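Below is one structure, written out as structure tokens, with a few remarks after it.
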Amino acid sequence: MQRTAIRLGALLLLALAPLGQASAFGPGISPLPDTQHDDYRNTPRLQIEPTWQAPSGLSGESLARAFVAQRAESYGLDPTLADLGPATQRESLLGTHYRFPQLLDGLPVEHGEVIVSVAADGHVYRAYNNYYPLTSRPALPAHIDRDAAFDAAWQRLNARGDLLADPQAHLLWTVEAGTPQLIWRVELALDAPYGGWELAVDATTGAVTALRDANLYRVEDDFTRATPDERIGALDGPAGDRADAFARFAAREIATPPTRGDRATGSGVVFDPDPRATLLNDNLQDNSPASAFTGAYFTRTLLDITFSGGLYRVTGPWVDIINWDSPNTPPSTTTDGNWTATRGNNAFNDAMTYFMLDQNQRYMQGLGFTGASGIQEGPIGTDTDGFGGADNSFYQPSSNRLSFGHGCVDDSEDSDVMLHEYGHAINYSINSSWGGGDTGAMGEGFGDYWAGSYSWSTPNGEVYHPEWVFSWDGHGTGNQCWSGRLLNKLNLVYNHSTNYGAHQSIPGGISDELWSTPLFQSLISLTGDFGQTRDSVDQIILEAQFGIGFGPKMRDMANAIVATAQALQPGQPHASVFIQKFAHHSIIDDLTAVPGDETADTPAAGLRLAQNSPNPFNPKTTVRFTLPSPGRATLTVFDVAGRQVAQLADGAFTAGEHAVDWNGRDDAGSAVGSGIYFYRLDADGLSQTRKMMLIK
């Protein structure tokens, strides 16, 4: 246990030492290293608090571009920056993020970008480089047009039936090992073959070179495991007429314009968060009698619903209940604004879905994410009876829509399912380049965390299986719909050389759980052990996603979360707790620890620093140390950012054991906050460091 504690301490010292400054912990401790691309580029990917000398008089985009110019060589950029377009900008709580797109012959290079994050005080606090150096720069070739690209994609899918969303096609370059290829990126959401299809069509030959279903499904099942060709091959007969299908879709869009009317306040009968959690009943099943659910219903206020033509509709500024996916179930309406239906009637699903998603959006706004820093701050199209009735649900990035299936337990009866899928919309709203790297697992893991965070805040959240996610749709006893996922998979270990996709089987569990577990365990520790708020934890996890581009690994996001925690909650335990939880899974691992760190069980030439006692402590603790010979010694306390907090000893000592008390106050005599601190003994050119915890 001692060796583990010191190892975590080393990680904390490294990860939280302010970059560009000398560490307070002395020689041997370096700033958090940049993460690198491990493909042909071998260039920096994420840099936190990068050191540079900003030219005077610059601000905003000009400052960000000057930073990129200074890093051009290390990032692999054209030194003139001629192939970086004008920046788009995005606000967040900590600053402004300037996203410079990579261009070739005026067309975008897919996923190519450099993002520079500038704090309110004008310093660059983060940079994310996903620029693709090119081995050749071909002239723009003759290429097929958009309609030809649609035709090629349609035939490859052997498509028939109806479009479920607006078809998209974008002409752009993809880069493979430095070689650019001009393609059309085509997106077709179809009911046959069913899926949110994304295809790459070679813009010069018209050949389809790649296809995948880009829908983000709640769980892997037989349908999602089938390959695209297996799903296409299950259809009999030739493809339908593409032009006719496009015309039918356009006609439907014209025939169903957005609902307009007056804003109103209504009410709805809902589960909150779900019947098992409310009733503390693992045995409740989908086929339990209606009377078994009576105590699980609540009436909640439905804010800003729409009143039009004498009817109230569950359409508002943040949620739009629509019928966009099969089966054909029109949204419910009422004449008085009150939804009183119970489970088994889809009006119940409509009311519950509207309430949960609307409430969650307002929660994020309450954390400060509104206006210029808003996240998914607009109505999200949601079908509460979708996916052909299957026992699954999904988020569709291309259309920014949600679809909830009704197999077994209706997915829109469980807040975990709804907030998990909404979590995908959150990811894509913050980061329009979300994808690649470990984002498959991180997106699913974040969605699970986001659902678990809400459940944790409800009356029974801390006592009814807080480790369960999808606690009504999955889990339970007897005839489970499915097994659900867990938020306490402490056995899972990260391998940085692996790319973790969604729902991927890994030793001991599922890839999604590798990300959700440290996030959720941080929430439990911070709220339960340290008395911090759920709001403060969620705010950090959301804010950390700003300024990130395509292809982040878990280590990138973990570093961003730790840095964000230190910025948003200075002097509080958030950063140190996140580091502990990430380190437990080796997401931040011993590869980043300080070489040659001394530990209590490997003393340095007789110098010994004992663990403080008591630990954790409040209000006072004792530190004991042993010197092998007489001499000068100092004993110093630091916070997790490497700043000196208190000097406990500084003078001449005899050989042998000594004891010093610390009363939890800094050098100015002020009481310090709860959290993790480090104490370091320096004597005769040797030093040892240990960790201690103050809990108030």
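Naming works like this for the structure tokens: A, B, ... for the chains as they're shown, residue 1 at the start of each chain, ligands 1 onward in shown order.
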Exercise. Which residues come within 8 Å of segment 92-108 of chain A, counting only C-alpha atoms, excluding same-chain residues fewer than 2 positions away, as number ranges by chain?
Worked result: A: 61, 64, 83-90, 110, 112-120, 131, 137, 139-140, 171-173, 368-369, 372-373, 543, 546-547, 567-568
Same residues, N, CA and C atoms, saved as a tab-separated table (two decimals), in the first residue's frame:
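Once everything was written out, this is part_12.tsv:
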```tsv
chain	number	residue	atom	x	y	z
A	61	GLU	N	-7.89	35.90	-32.03
A	61	GLU	CA	-7.44	35.02	-33.10
A	61	GLU	C	-6.01	35.33	-33.53
A	64	ALA	N	-3.78	33.61	-31.15
A	64	ALA	CA	-3.80	32.17	-31.38
A	64	ALA	C	-3.01	31.80	-32.63
A	83	ASP	N	-2.08	26.95	-45.42
A	83	ASP	CA	-3.13	25.93	-45.54
A	83	ASP	C	-3.99	25.83	-44.29
A	84	LEU	N	-3.93	26.84	-43.44
A	84	LEU	CA	-4.85	26.93	-42.31
A	84	LEU	C	-5.86	28.03	-42.59
A	85	GLY	N	-7.13	27.68	-42.59
A	85	GLY	CA	-8.17	28.66	-42.87
A	85	GLY	C	-8.44	29.55	-41.68
A	86	PRO	N	-9.32	30.54	-41.85
A	86	PRO	CA	-9.71	31.40	-40.73
A	86	PRO	C	-10.30	30.56	-39.61
A	87	ALA	N	-10.07	30.98	-38.39
A	87	ALA	CA	-10.52	30.21	-37.23
A	87	ALA	C	-12.01	30.41	-36.98
A	88	THR	N	-12.66	29.34	-36.58
A	88	THR	CA	-13.96	29.45	-35.93
A	88	THR	C	-13.68	29.50	-34.44
A	89	GLN	N	-14.54	30.15	-33.69
A	89	GLN	CA	-14.26	30.27	-32.27
A	89	GLN	C	-15.44	29.80	-31.44
A	90	ARG	N	-15.11	29.28	-30.27
A	90	ARG	CA	-16.11	28.75	-29.34
A	90	ARG	C	-15.74	29.19	-27.94
A	110	GLU	N	-10.16	16.34	-44.00
A	110	GLU	CA	-11.02	15.76	-42.98
A	110	GLU	C	-10.26	15.58	-41.67
A	112	GLY	N	-8.49	17.51	-40.11
A	112	GLY	CA	-7.27	18.30	-39.98
A	112	GLY	C	-7.57	19.65	-39.35
A	113	GLU	N	-6.90	19.97	-38.24
A	113	GLU	CA	-7.17	21.21	-37.54
A	113	GLU	C	-6.13	21.42	-36.44
A	114	VAL	N	-5.99	22.66	-36.04
A	114	VAL	CA	-5.22	23.02	-34.86
A	114	VAL	C	-6.12	23.90	-34.01
A	115	ILE	N	-6.22	23.58	-32.72
A	115	ILE	CA	-7.10	24.31	-31.81
A	115	ILE	C	-6.24	24.95	-30.73
A	116	VAL	N	-6.43	26.23	-30.54
A	116	VAL	CA	-5.69	26.98	-29.52
A	116	VAL	C	-6.69	27.57	-28.54
A	117	SER	N	-6.50	27.29	-27.27
A	117	SER	CA	-7.40	27.76	-26.22
A	117	SER	C	-6.74	28.91	-25.46
A	118	VAL	N	-7.41	30.05	-25.46
A	118	VAL	CA	-6.86	31.27	-24.86
A	118	VAL	C	-7.72	31.65	-23.65
A	119	ALA	N	-7.09	31.78	-22.50
A	119	ALA	CA	-7.79	32.12	-21.28
A	119	ALA	C	-8.20	33.59	-21.27
A	120	ALA	N	-9.06	33.92	-20.31
A	120	ALA	CA	-9.54	35.30	-20.22
A	120	ALA	C	-8.40	36.28	-19.97
A	131	TYR	N	-3.12	18.35	-37.17
A	131	TYR	CA	-2.72	18.68	-38.53
A	131	TYR	C	-2.07	17.45	-39.17
A	137	ARG	N	1.15	17.31	-52.65
A	137	ARG	CA	0.04	18.26	-52.71
A	137	ARG	C	-0.52	18.28	-54.13
A	139	ALA	N	-2.86	18.73	-57.41
A	139	ALA	CA	-3.85	19.71	-57.86
A	139	ALA	C	-5.23	19.08	-57.77
A	140	LEU	N	-6.23	19.91	-57.62
A	140	LEU	CA	-7.60	19.41	-57.52
A	140	LEU	C	-7.96	18.67	-58.80
A	171	LEU	N	-17.56	17.40	-50.15
A	171	LEU	CA	-16.33	17.14	-50.89
A	171	LEU	C	-15.14	17.55	-50.02
A	172	LEU	N	-14.22	16.62	-49.78
A	172	LEU	CA	-13.09	16.90	-48.90
A	172	LEU	C	-11.95	15.95	-49.18
A	173	TRP	N	-10.85	16.21	-48.52
A	173	TRP	CA	-9.67	15.35	-48.64
A	173	TRP	C	-9.55	14.48	-47.40
A	368	GLY	N	-23.39	27.15	-15.98
A	368	GLY	CA	-22.71	28.23	-16.70
A	368	GLY	C	-22.63	28.03	-18.19
A	369	PHE	N	-23.09	26.88	-18.69
A	369	PHE	CA	-22.97	26.58	-20.11
A	369	PHE	C	-24.23	27.06	-20.84
A	372	ALA	N	-23.01	31.87	-25.40
A	372	ALA	CA	-21.83	31.55	-26.22
A	372	ALA	C	-21.17	30.25	-25.80
A	373	SER	N	-21.34	29.85	-24.55
A	373	SER	CA	-20.74	28.60	-24.07
A	373	SER	C	-21.78	27.48	-23.95
A	543	GLU	N	-16.46	21.02	-19.03
A	543	GLU	CA	-15.53	22.06	-19.48
A	543	GLU	C	-14.27	21.46	-20.10
A	546	PHE	N	-13.93	21.00	-24.00
A	546	PHE	CA	-13.74	22.12	-24.92
A	546	PHE	C	-12.26	22.19	-25.32
A	547	GLY	N	-12.03	22.56	-26.58
A	547	GLY	CA	-10.66	22.73	-27.05
A	547	GLY	C	-9.98	21.43	-27.44
A	567	ALA	N	-8.01	24.43	-12.52
A	567	ALA	CA	-8.36	25.80	-12.89
A	567	ALA	C	-9.70	26.22	-12.31
A	568	LEU	N	-10.69	25.33	-12.33
A	568	LEU	CA	-12.02	25.68	-11.84
A	568	LEU	C	-12.15	25.57	-10.33
```
Exercise. Can you list, as a PyMOL selection string, every protein, DNA or RNA residue that comes within 10 Å of Leu279 of chain A when you count only C-alpha atoms, leaving out same-chain residues fewer than 2 positions away?
Worked result: chain A and resi 274-277+281-282+284+292-296+460+464
Keeping only N, CA and C atoms, write the selected residues as an mmCIF file, in the first residue's frame.
```cif
data_model
loop_
_atom_site.group_PDB
_atom_site.id
_atom_site.type_symbol
_atom_site.label_atom_id
_atom_site.label_comp_id
_atom_site.auth_asym_id
_atom_site.auth_seq_id
_atom_site.Cartn_x
_atom_site.Cartn_y
_atom_site.Cartn_z
ATOM 1 N N ASP A 274 -36.315 6.079 -12.012
ATOM 2 C CA ASP A 274 -36.893 4.872 -12.588
ATOM 3 C C ASP A 274 -37.616 4.126 -11.478
ATOM 4 N N PRO A 275 -38.520 3.202 -11.811
ATOM 5 C CA PRO A 275 -39.331 2.572 -10.763
ATOM 6 C C PRO A 275 -38.541 1.694 -9.804
ATOM 7 N N ARG A 276 -37.524 0.987 -10.278
ATOM 8 C CA ARG A 276 -36.747 0.150 -9.356
ATOM 9 C C ARG A 276 -36.062 1.008 -8.291
ATOM 10 N N ALA A 277 -35.435 2.098 -8.722
ATOM 11 C CA ALA A 277 -34.725 2.949 -7.771
ATOM 12 C C ALA A 277 -35.687 3.586 -6.779
ATOM 13 N N ASN A 281 -36.597 -1.884 -5.420
ATOM 14 C CA ASN A 281 -37.117 -3.220 -5.720
ATOM 15 C C ASN A 281 -36.394 -3.808 -6.925
ATOM 16 N N ASP A 282 -35.422 -4.701 -6.658
ATOM 17 C CA ASP A 282 -34.704 -5.373 -7.747
ATOM 18 C C ASP A 282 -35.600 -6.298 -8.547
ATOM 19 N N LEU A 284 -38.712 -5.922 -9.614
ATOM 20 C CA LEU A 284 -39.692 -5.338 -10.525
ATOM 21 C C LEU A 284 -39.320 -5.679 -11.965
ATOM 22 N N ALA A 292 -48.059 -2.686 -9.316
ATOM 23 C CA ALA A 292 -46.722 -2.703 -8.712
ATOM 24 C C ALA A 292 -45.989 -1.388 -8.925
ATOM 25 N N PHE A 293 -46.438 -0.576 -9.865
ATOM 26 C CA PHE A 293 -45.733 0.658 -10.207
ATOM 27 C C PHE A 293 -46.358 1.896 -9.566
ATOM 28 N N THR A 294 -47.458 1.736 -8.862
ATOM 29 C CA THR A 294 -48.210 2.894 -8.378
ATOM 30 C C THR A 294 -47.338 3.861 -7.589
ATOM 31 N N GLY A 295 -46.518 3.338 -6.696
ATOM 32 C CA GLY A 295 -45.701 4.202 -5.848
ATOM 33 C C GLY A 295 -44.505 4.819 -6.541
ATOM 34 N N ALA A 296 -44.288 4.477 -7.807
ATOM 35 C CA ALA A 296 -43.107 4.974 -8.526
ATOM 36 C C ALA A 296 -43.407 6.195 -9.382
ATOM 37 N N ASN A 460 -32.857 8.188 -3.682
ATOM 38 C CA ASN A 460 -32.281 6.882 -3.366
ATOM 39 C C ASN A 460 -30.974 6.620 -4.109
ATOM 40 N N TYR A 464 -29.399 2.901 -3.689
ATOM 41 C CA TYR A 464 -29.902 1.875 -4.603
ATOM 42 C C TYR A 464 -28.925 1.664 -5.754
#
```
Seminar exercise, completed: Across A:Val270, A:Cys408, A:Leu134, A:Ile524, the smallest distance to Arg343 of chain A, with only C-alpha atoms counted, is shown by A:Val270
Exercise. Can you list every residue in segment 221-400 of chain A that DSSP puts in strand (DSSP E or B), as a ChimeraX atom specification?
Worked result: /A:262-271,297-308,311-313,315,319-321,333-334,338-339,380-383,393-396
Exercise. What's the 7 Å shell around Trp318 of chain A, counting only C-alpha atoms, without same-chain residues fewer than 2 positions away, as a PyMOL selection string?
Worked result: chain A and resi 316+320+358+361+377-380
Mind dumping the selected residues with N, CA and C atoms as a PDB file, in the first residue's frame?
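Listed below is the output, selection-v2.pdb:
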```
ATOM      1  N   GLY A 316     -40.513  22.157 -27.093  1.00  0.00           N
ATOM      2  CA  GLY A 316     -40.041  23.326 -26.368  1.00  0.00           C
ATOM      3  C   GLY A 316     -38.708  23.800 -26.891  1.00  0.00           C
ATOM      4  N   ASP A 320     -37.724  18.488 -28.672  1.00  0.00           N
ATOM      5  CA  ASP A 320     -38.797  18.461 -29.667  1.00  0.00           C
ATOM      6  C   ASP A 320     -39.186  17.005 -29.888  1.00  0.00           C
ATOM      7  N   ASP A 358     -35.277  18.090 -20.957  1.00  0.00           N
ATOM      8  CA  ASP A 358     -35.415  19.519 -20.689  1.00  0.00           C
ATOM      9  C   ASP A 358     -34.750  19.880 -19.363  1.00  0.00           C
ATOM     10  N   GLN A 361     -30.907  19.834 -19.740  1.00  0.00           N
ATOM     11  CA  GLN A 361     -30.387  21.009 -20.429  1.00  0.00           C
ATOM     12  C   GLN A 361     -30.357  22.210 -19.483  1.00  0.00           C
ATOM     13  N   GLU A 377     -27.616  23.633 -26.875  1.00  0.00           N
ATOM     14  CA  GLU A 377     -28.595  24.614 -26.419  1.00  0.00           C
ATOM     15  C   GLU A 377     -29.581  24.927 -27.538  1.00  0.00           C
ATOM     16  N   GLY A 378     -30.387  23.941 -27.854  1.00  0.00           N
ATOM     17  CA  GLY A 378     -31.417  24.050 -28.867  1.00  0.00           C
ATOM     18  C   GLY A 378     -32.239  22.785 -28.833  1.00  0.00           C
ATOM     19  N   PRO A 379     -33.375  22.764 -29.512  1.00  0.00           N
ATOM     20  CA  PRO A 379     -34.249  21.586 -29.439  1.00  0.00           C
ATOM     21  C   PRO A 379     -33.639  20.379 -30.134  1.00  0.00           C
ATOM     22  N   ILE A 380     -33.621  19.255 -29.456  1.00  0.00           N
ATOM     23  CA  ILE A 380     -33.119  18.021 -30.047  1.00  0.00           C
ATOM     24  C   ILE A 380     -34.313  17.158 -30.446  1.00  0.00           C
TER      25      ILE A 380
END
```
